[in-house]
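To keep things clear, I will list the structure first and then write my remarks on it.
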Amino acid sequence: MAIQITEKHKEYWQRNLRLTGVLLFIWFAATFIMGYFARELAGITIFGWPLSFYMAAQGSLIIYVVIIWYYARAMGKLDDEYGVAEGD
Amino acid sequence: MATNAQERSAFFAQLKKAYTWYTGGFVVFVIVLAVLEQMGLPRNWIGYIFLIATIGLYAGIGIMSRTSEASEYYVAGRKVPALFNGMATGADWMSAASFIGMAGTLYLTGFNGLAFILGWTGGYCLVALFLAPYLRKFGQFTIPDFLGARYGGNFARAIGIFAAVLCSFVYVVAQIYGVGLITTRLTGVSFELGIFLGLGGILVCSFLGGMKAVTWTQVAQYIILIVAYLIPVVWLSVKHTGIPLPQFVYGKTLEKVTEREKQLTDDPKEKEVRQIFAERAKAANEKVKALPGSLDTERAKTAKSLEDLKAANAPLPQINAAEKAVKDFPKDAAAAKSAWTKEAAVGARANPPLKHAEAFPGKDEKARDISRKNFLALVFCLMVGTAALPHILMRYYTTPSVKEARESVFWSLFFIFLLYFTAPALAVLAKFDVYTVLVGSEFAKLPAWVASWQKVDASLLSVIDINKDGIVQLAEIAIGGDIVVLATPEIAGLPYVISGLVAAGGLAAALSTADGLLLTIANALSHDLYYKMLDPNAPTTRRVTISKVLLLVVALAAASVAAQKPADILFLVSAAFSLAAAGFFPALVLGVFWKRANAMGACLGMIAGLGVTFYYMATTQPWLRGVFGVTSPIADNIWWDIAPISAGTFGVPVGFAVIIIVSLLTREPDAATQELVEHVRYPSLRGGISTETN
């Protein structure tokens, strides 16, 4: 039996791609844009850390964890909405 | 083999109970040892007890999980819940370098060292978004499996096997080396014996139970290593800040360190010591320049100073040192050149202290730009490499479902994050301690940990009164990175049992990573090379047996390489990331996200990516240049000032470009392959094909 890809399936994949793209951009900003401007950001201090040091040592890491957490949650919902979730 | 939800949650509850008891038991074990220490248990006994107890524990889990069933051996029966797979991945991921080396690297390099923190965590975003769920849906045993199925045939699989074995072997040598070092430190046995003791611990586990045993052992190892890492840092934080949450309060400590750096930069005594080093370096450089003529004059000078000391009836240690200098005097001009060039390296100690918090330090705008470029390039390579290392990707085959694979990446990064956001705090706290307590103290009253570590290994710590004023100057301290983690318990004033715990944690980190890597290599050879390519009719039991035999062979080979104490081991490990990034990442990602990618494109792209990366390293990295006899000046081979460690910066884009261009120039993949791509994109698809192997 051949795979049946309906319009709904295509829409699921499009929404997955969009979510992936947005999260990838946040990842890129937290890593490379932050890194590129590290010297400029060092002027700002929070609780003793220069902002760029804080981001590279902790802030960006927290963003990464949240990105992955959000992706898992959103995709779980998307699976249910489009009926492609795995049954037991 | 669909286990139903009820069974799964019962299994989860059972695991939770087992590991809670285990953690409790481990804490009691450490407390009992601490009490015994107070009652007079000798230190080396504590070391032995830690070594035997932990390796025995890992072996015990291995024996309990022994199996010869293929799906249990290769992917732990695909029943590892997301949370536990996350812990296992954490232990699999965090190697001896993360546990012992990371905080030291941060201590020595300040902001620039944070490239490792960013790179080794941010890579999991790529794993989560691009790979883990799709590989889980594909659901076979290895990464070459996916390449073989997606890019129709054995050629893609063979390149995958080559790349997987190459990066994993380089990496496993470094782990076994770490095992040897830690065992030696913990118990005082010789390095070689340490390697083979550790190897025993690795093998009992992976040999008997494959992925199943390795998974449950790694969970146990994660618990030990995180406890061992956190306790001393929390204590140090209480000592300096009064608050037991180092990660949230070390900003203030960093401020004080920065303040202290300024004082030490301008301190006249510090300047005096730095001046002495600058002069020594200058003298050594002049000797090198005056070769070969300086050889005879220097030899005469060395001999004369010995005569003078003897004539003056100088104290014995001085005479001994002078005699040694005469005996070790370089035999010819070449030997003299290398010895004196080494001597000139003390010039580095003539520099004022590094500014810990400053991003991309450099003497002018150009140097700062190069530093920034290399920081970003290294972060890129480490991230993409993380998302392409087969021993990590393989772990996402072991979850029960696609949904749990996604959640499992979250847990993986969460557990890794706990250690990685503590390491920068540890580096700052340790630096604060050295800068304020050690610097300025009297040589007659050095802290106990300084004296004991100086004795253990002068390359880890040496404090010598260069300007003879009886006071420790910062410039008089030479410190090796590894000591930061190893000596923290003593710096914080904790009993020896905690030092033993830290060593056991380092051992757990090295063993768990070695386990995962050995399994990857053995599986690539037994499952992909032997079963899929040479003998597709081999029965399951023979495949598993062959895998076990290969595991032994590979482990022994890695141990014998590690016993040679290869130079540049750190470079090799970093090279593994660039190679994995360039070899796997483009082919895997395009395999899922671009249906048009075809076999020809993928094979050429993988070869081109690996080739460019390797070529760049071989022409710019001193040790590899020696191996391959490259003689053209490094400056001619460097592209855009990128260091050889970040060679993947070129390899990855080349890999992507070649796959895309070649695929577009050749025929699109057949319908079955396109169907496979659709299949992996949806967690469940009615009327779909099945690729999962049980």
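Convention: chains lettered A, B, ... in structure tokens order; per-chain residue numbering from 1; ligands numbered from 1 as shown.
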Please report as a ChimeraX atom specification which residues of chain A come no farther than 8 Å from chain B, using only C-alpha atoms.
/A:1-4,13,20,24,27,31-32,35-36,38-39,42,46-50,52-53,56-58,60-61,64-65,67-69,71-73,76,79,84-86,88
Leaving out Thr142 of chain B and any residue of its chain fewer than 3 positions from it, which residues lie within 8 Å of it when counting only C-alpha atoms, given as a list in words?
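Final neighbour list, sorted by chain and number: Asp145, Phe146, Pro390, Met394, Thr520, Asn523, Ala524 and Asp528 of chain B.
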I need the residues of chain A that end up classed as strand (DSSP E) by DSSP on the backbone, written out as a ChimeraX atom specification.
/A:45-46,49-50
For the helix (DSSP H, G or I) assignment from backbone DSSP, which residues of segment 4-70 of chain A qualify? Please present them as number ranges by chain.
A: 7-36, 38-41, 51-70
Restrict the selected residues to N, CA and C atoms and save them as a compact mmCIF listing (two decimals), in the first residue's frame.
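Output file selection-v7.txt is given in full below:
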# COMPACT_ATOMS: atom_id res chain seq x y z
N GLU A 7 -3.41 16.77 1.69
CA GLU A 7 -3.12 18.20 1.88
C GLU A 7 -2.84 18.49 3.35
N LYS A 8 -3.56 17.78 4.20
CA LYS A 8 -3.40 17.99 5.63
C LYS A 8 -1.99 17.62 6.09
N HIS A 9 -1.49 16.52 5.52
CA HIS A 9 -0.13 16.11 5.84
C HIS A 9 0.88 17.17 5.41
N LYS A 10 0.63 17.71 4.19
CA LYS A 10 1.55 18.73 3.70
C LYS A 10 1.55 19.95 4.61
N GLU A 11 0.34 20.28 5.10
CA GLU A 11 0.22 21.43 5.99
C GLU A 11 0.98 21.18 7.29
N TYR A 12 0.88 19.95 7.81
CA TYR A 12 1.61 19.57 9.01
C TYR A 12 3.10 19.80 8.81
N TRP A 13 3.61 19.33 7.68
CA TRP A 13 5.04 19.48 7.40
C TRP A 13 5.44 20.94 7.26
N GLN A 14 4.55 21.73 6.59
CA GLN A 14 4.84 23.16 6.45
C GLN A 14 4.92 23.84 7.81
N ARG A 15 3.99 23.47 8.69
CA ARG A 15 4.00 24.11 10.02
C ARG A 15 5.22 23.68 10.82
N ASN A 16 5.62 22.42 10.64
CA ASN A 16 6.84 21.94 11.29
C ASN A 16 8.04 22.75 10.80
N LEU A 17 8.09 22.96 9.46
CA LEU A 17 9.22 23.71 8.90
C LEU A 17 9.25 25.14 9.42
N ARG A 18 8.06 25.73 9.51
CA ARG A 18 8.01 27.11 9.99
C ARG A 18 8.52 27.20 11.43
N LEU A 19 8.04 26.28 12.27
CA LEU A 19 8.47 26.26 13.67
C LEU A 19 9.98 26.03 13.76
N THR A 20 10.46 25.07 12.98
CA THR A 20 11.90 24.79 12.97
C THR A 20 12.68 26.03 12.58
N GLY A 21 12.18 26.75 11.55
CA GLY A 21 12.87 27.96 11.08
C GLY A 21 12.93 29.03 12.16
N VAL A 22 11.81 29.26 12.82
CA VAL A 22 11.77 30.31 13.85
C VAL A 22 12.73 29.96 14.99
N LEU A 23 12.66 28.70 15.45
CA LEU A 23 13.53 28.30 16.56
C LEU A 23 15.00 28.34 16.16
N LEU A 24 15.27 27.98 14.90
CA LEU A 24 16.65 28.02 14.41
C LEU A 24 17.17 29.46 14.42
N PHE A 25 16.28 30.40 14.07
CA PHE A 25 16.71 31.79 14.07
C PHE A 25 17.05 32.24 15.50
N ILE A 26 16.20 31.85 16.46
CA ILE A 26 16.48 32.22 17.86
C ILE A 26 17.82 31.63 18.30
N TRP A 27 18.03 30.37 17.93
CA TRP A 27 19.30 29.70 18.24
C TRP A 27 20.47 30.49 17.63
N PHE A 28 20.30 30.91 16.38
CA PHE A 28 21.36 31.63 15.68
C PHE A 28 21.64 32.97 16.37
N ALA A 29 20.58 33.66 16.75
CA ALA A 29 20.75 34.95 17.40
C ALA A 29 21.44 34.80 18.76
N ALA A 30 21.00 33.79 19.54
CA ALA A 30 21.56 33.60 20.88
C ALA A 30 23.02 33.19 20.81
N THR A 31 23.43 32.60 19.68
CA THR A 31 24.80 32.12 19.57
C THR A 31 25.67 33.11 18.80
N PHE A 32 25.34 33.32 17.53
CA PHE A 32 26.28 34.00 16.65
C PHE A 32 26.12 35.51 16.66
N ILE A 33 24.88 36.00 16.72
CA ILE A 33 24.72 37.45 16.78
C ILE A 33 25.23 37.94 18.13
N MET A 34 24.85 37.21 19.19
CA MET A 34 25.37 37.55 20.52
C MET A 34 26.90 37.50 20.50
N GLY A 35 27.46 36.44 19.94
CA GLY A 35 28.92 36.27 19.91
C GLY A 35 29.61 37.37 19.12
N TYR A 36 29.00 37.75 18.00
CA TYR A 36 29.62 38.76 17.15
C TYR A 36 29.72 40.10 17.88
N ALA A 38 29.85 40.58 21.11
CA ALA A 38 30.22 40.35 22.52
C ALA A 38 30.95 41.55 23.12
N ARG A 39 31.84 42.17 22.36
CA ARG A 39 32.60 43.29 22.92
C ARG A 39 31.69 44.47 23.22
N GLU A 40 30.74 44.71 22.31
CA GLU A 40 29.82 45.84 22.50
C GLU A 40 28.90 45.57 23.70
N LEU A 41 28.44 44.30 23.83
CA LEU A 41 27.51 43.98 24.91
C LEU A 41 28.18 43.97 26.28
N LEU A 51 27.28 41.56 30.23
CA LEU A 51 26.18 40.84 29.59
C LEU A 51 26.67 39.73 28.66
N SER A 52 27.73 40.01 27.88
CA SER A 52 28.17 38.99 26.93
C SER A 52 28.74 37.77 27.65
N PHE A 53 29.44 38.00 28.76
CA PHE A 53 29.96 36.87 29.53
C PHE A 53 28.80 36.05 30.09
N TYR A 54 27.80 36.76 30.62
CA TYR A 54 26.65 36.05 31.18
C TYR A 54 25.95 35.20 30.12
N MET A 55 25.76 35.79 28.95
CA MET A 55 25.06 35.06 27.89
C MET A 55 25.85 33.80 27.50
N ALA A 56 27.16 33.96 27.26
CA ALA A 56 27.94 32.82 26.80
C ALA A 56 28.10 31.75 27.87
N ALA A 57 28.04 32.15 29.15
CA ALA A 57 28.25 31.18 30.21
C ALA A 57 26.95 30.60 30.73
N GLN A 58 25.81 31.27 30.47
CA GLN A 58 24.57 30.82 31.09
C GLN A 58 23.32 31.17 30.29
N GLY A 59 23.21 32.44 29.89
CA GLY A 59 21.98 32.90 29.25
C GLY A 59 21.62 32.14 27.99
N SER A 60 22.59 32.02 27.08
CA SER A 60 22.30 31.32 25.82
C SER A 60 21.98 29.85 26.08
N LEU A 61 22.63 29.27 27.09
CA LEU A 61 22.37 27.87 27.41
C LEU A 61 20.91 27.68 27.83
N ILE A 62 20.43 28.63 28.64
CA ILE A 62 19.04 28.55 29.08
C ILE A 62 18.12 28.66 27.85
N ILE A 63 18.47 29.57 26.93
CA ILE A 63 17.67 29.70 25.71
C ILE A 63 17.65 28.37 24.94
N TYR A 64 18.79 27.70 24.85
CA TYR A 64 18.84 26.41 24.14
C TYR A 64 17.88 25.40 24.78
N VAL A 65 17.95 25.32 26.11
CA VAL A 65 17.09 24.34 26.80
C VAL A 65 15.63 24.66 26.51
N VAL A 66 15.29 25.96 26.56
CA VAL A 66 13.90 26.35 26.32
C VAL A 66 13.49 26.05 24.87
N ILE A 67 14.38 26.30 23.92
CA ILE A 67 14.07 26.00 22.51
C ILE A 67 13.67 24.54 22.36
N ILE A 68 14.48 23.66 22.93
CA ILE A 68 14.22 22.23 22.75
C ILE A 68 12.95 21.82 23.49
N TRP A 69 12.76 22.37 24.68
CA TRP A 69 11.55 22.06 25.44
C TRP A 69 10.31 22.50 24.65
N TYR A 70 10.38 23.71 24.10
CA TYR A 70 9.22 24.23 23.38
C TYR A 70 8.96 23.41 22.12
With a distance cut-off of 10 Å and only C-alpha atoms, select the neighbouring residues of Ala444 of chain B, excluding the residue or stretch itself and same-chain residues fewer than 6 positions from it, and output the selection as a ChimeraX atom specification.
/B:470-472
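Nearest residue to Val502 of chain B among B:Val485, B:Leu529, B:Val654, B:Ala514 is B:Val485, counting only C-alpha atoms.
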Using only C-alpha atoms, pick whichever of B:Gly24, B:Gly516, B:Gly209, B:Gly440 has the shortest atom-to-atom distance to Val227 of chain B.
B:Gly24
Can you tell me, as a tab-separated table (two decimals) with N, CA and C atoms, in the first residue's frame, what residues are no more than 9 Å from His391 of chain B when counting only C-alpha atoms, ignoring any on the same chain fewer than 2 positions away?
chain	number	residue	atom	x	y	z
B	92	ASP	N	27.01	9.84	28.46
B	92	ASP	CA	27.63	9.46	27.20
B	92	ASP	C	28.40	10.66	26.65
B	93	TRP	N	27.77	11.82	26.76
B	93	TRP	CA	28.29	13.04	26.17
B	93	TRP	C	29.45	13.62	26.97
B	143	ILE	N	23.83	4.81	12.51
B	143	ILE	CA	23.76	5.97	11.60
B	143	ILE	C	24.06	5.55	10.16
B	164	ALA	N	32.38	7.12	10.92
B	164	ALA	CA	31.99	6.81	12.30
B	164	ALA	C	33.15	6.19	13.06
B	168	SER	N	35.08	8.15	16.16
B	168	SER	CA	34.88	7.50	17.46
B	168	SER	C	36.19	6.94	18.01
B	388	ALA	N	26.45	15.58	15.01
B	388	ALA	CA	26.80	14.60	14.00
B	388	ALA	C	27.59	13.44	14.57
B	389	LEU	N	27.86	13.46	15.88
B	389	LEU	CA	28.63	12.35	16.43
B	389	LEU	C	27.74	11.12	16.57
B	393	LEU	N	23.86	10.40	18.42
B	393	LEU	CA	22.65	10.22	17.61
B	393	LEU	C	22.04	8.84	17.85
B	394	MET	N	22.92	7.85	17.99
B	394	MET	CA	22.47	6.48	18.20
B	394	MET	C	21.55	6.35	19.41
B	395	ARG	N	21.79	7.19	20.42
B	395	ARG	CA	21.01	7.08	21.65
B	395	ARG	C	19.52	7.35	21.41
B	513	THR	N	31.59	7.58	28.52
B	513	THR	CA	31.80	8.01	27.14
B	513	THR	C	32.50	6.90	26.35
B	516	GLY	N	30.02	4.18	25.24
B	516	GLY	CA	29.20	4.55	24.09
B	516	GLY	C	29.98	4.53	22.79
B	517	LEU	N	31.24	4.99	22.87
B	517	LEU	CA	32.06	5.06	21.65
B	517	LEU	C	32.45	3.67	21.17
B	518	LEU	N	32.84	2.81	22.10
B	518	LEU	CA	33.24	1.45	21.71
B	518	LEU	C	32.08	0.73	21.05
B	519	LEU	N	30.90	0.92	21.63
B	519	LEU	CA	29.72	0.28	21.07
B	519	LEU	C	29.45	0.79	19.65
B	520	THR	N	29.63	2.09	19.44
B	520	THR	CA	29.42	2.66	18.10
B	520	THR	C	30.36	2.02	17.09
B	521	ILE	N	31.63	1.91	17.48
B	521	ILE	CA	32.61	1.35	16.54
B	521	ILE	C	32.28	-0.12	16.26
Non-local contacts of segment 331-339 of chain B (7 Å; only C-alpha atoms; under 3 positions in same chain excluded) as a VMD selection string:
chain B and resid 288 291 to 292 295 342 to 343
Hey, can you spit out that residue selection with N, CA, C and O atoms as a JSON list (two decimals), in the first residue's frame?
[["chain", "number", "residue", "atom", "x", "y", "z"],
["B", 288, "VAL", "N", 69.50, 30.90, 20.76],
["B", 288, "VAL", "CA", 69.03, 30.18, 19.57],
["B", 288, "VAL", "C", 69.55, 30.87, 18.31],
["B", 288, "VAL", "O", 70.03, 30.23, 17.38],
["B", 291, "LEU", "N", 73.20, 30.23, 17.28],
["B", 291, "LEU", "CA", 73.61, 28.86, 16.95],
["B", 291, "LEU", "C", 74.27, 28.83, 15.57],
["B", 291, "LEU", "O", 73.91, 29.64, 14.72],
["B", 292, "PRO", "N", 75.23, 27.94, 15.24],
["B", 292, "PRO", "CA", 75.75, 26.91, 16.14],
["B", 292, "PRO", "C", 76.86, 27.41, 17.06],
["B", 292, "PRO", "O", 77.30, 26.68, 17.95],
["B", 295, "LEU", "N", 76.72, 27.14, 20.91],
["B", 295, "LEU", "CA", 76.71, 25.82, 21.55],
["B", 295, "LEU", "C", 77.94, 25.65, 22.44],
["B", 295, "LEU", "O", 77.83, 25.27, 23.60],
["B", 342, "LYS", "N", 62.22, 25.90, 23.66],
["B", 342, "LYS", "CA", 61.30, 25.59, 24.75],
["B", 342, "LYS", "C", 61.52, 26.56, 25.92],
["B", 342, "LYS", "O", 60.58, 27.05, 26.52],
["B", 343, "GLU", "N", 62.79, 26.80, 26.21],
["B", 343, "GLU", "CA", 63.13, 27.73, 27.29],
["B", 343, "GLU", "C", 62.52, 29.11, 27.03],
["B", 343, "GLU", "O", 62.03, 29.76, 27.94]]
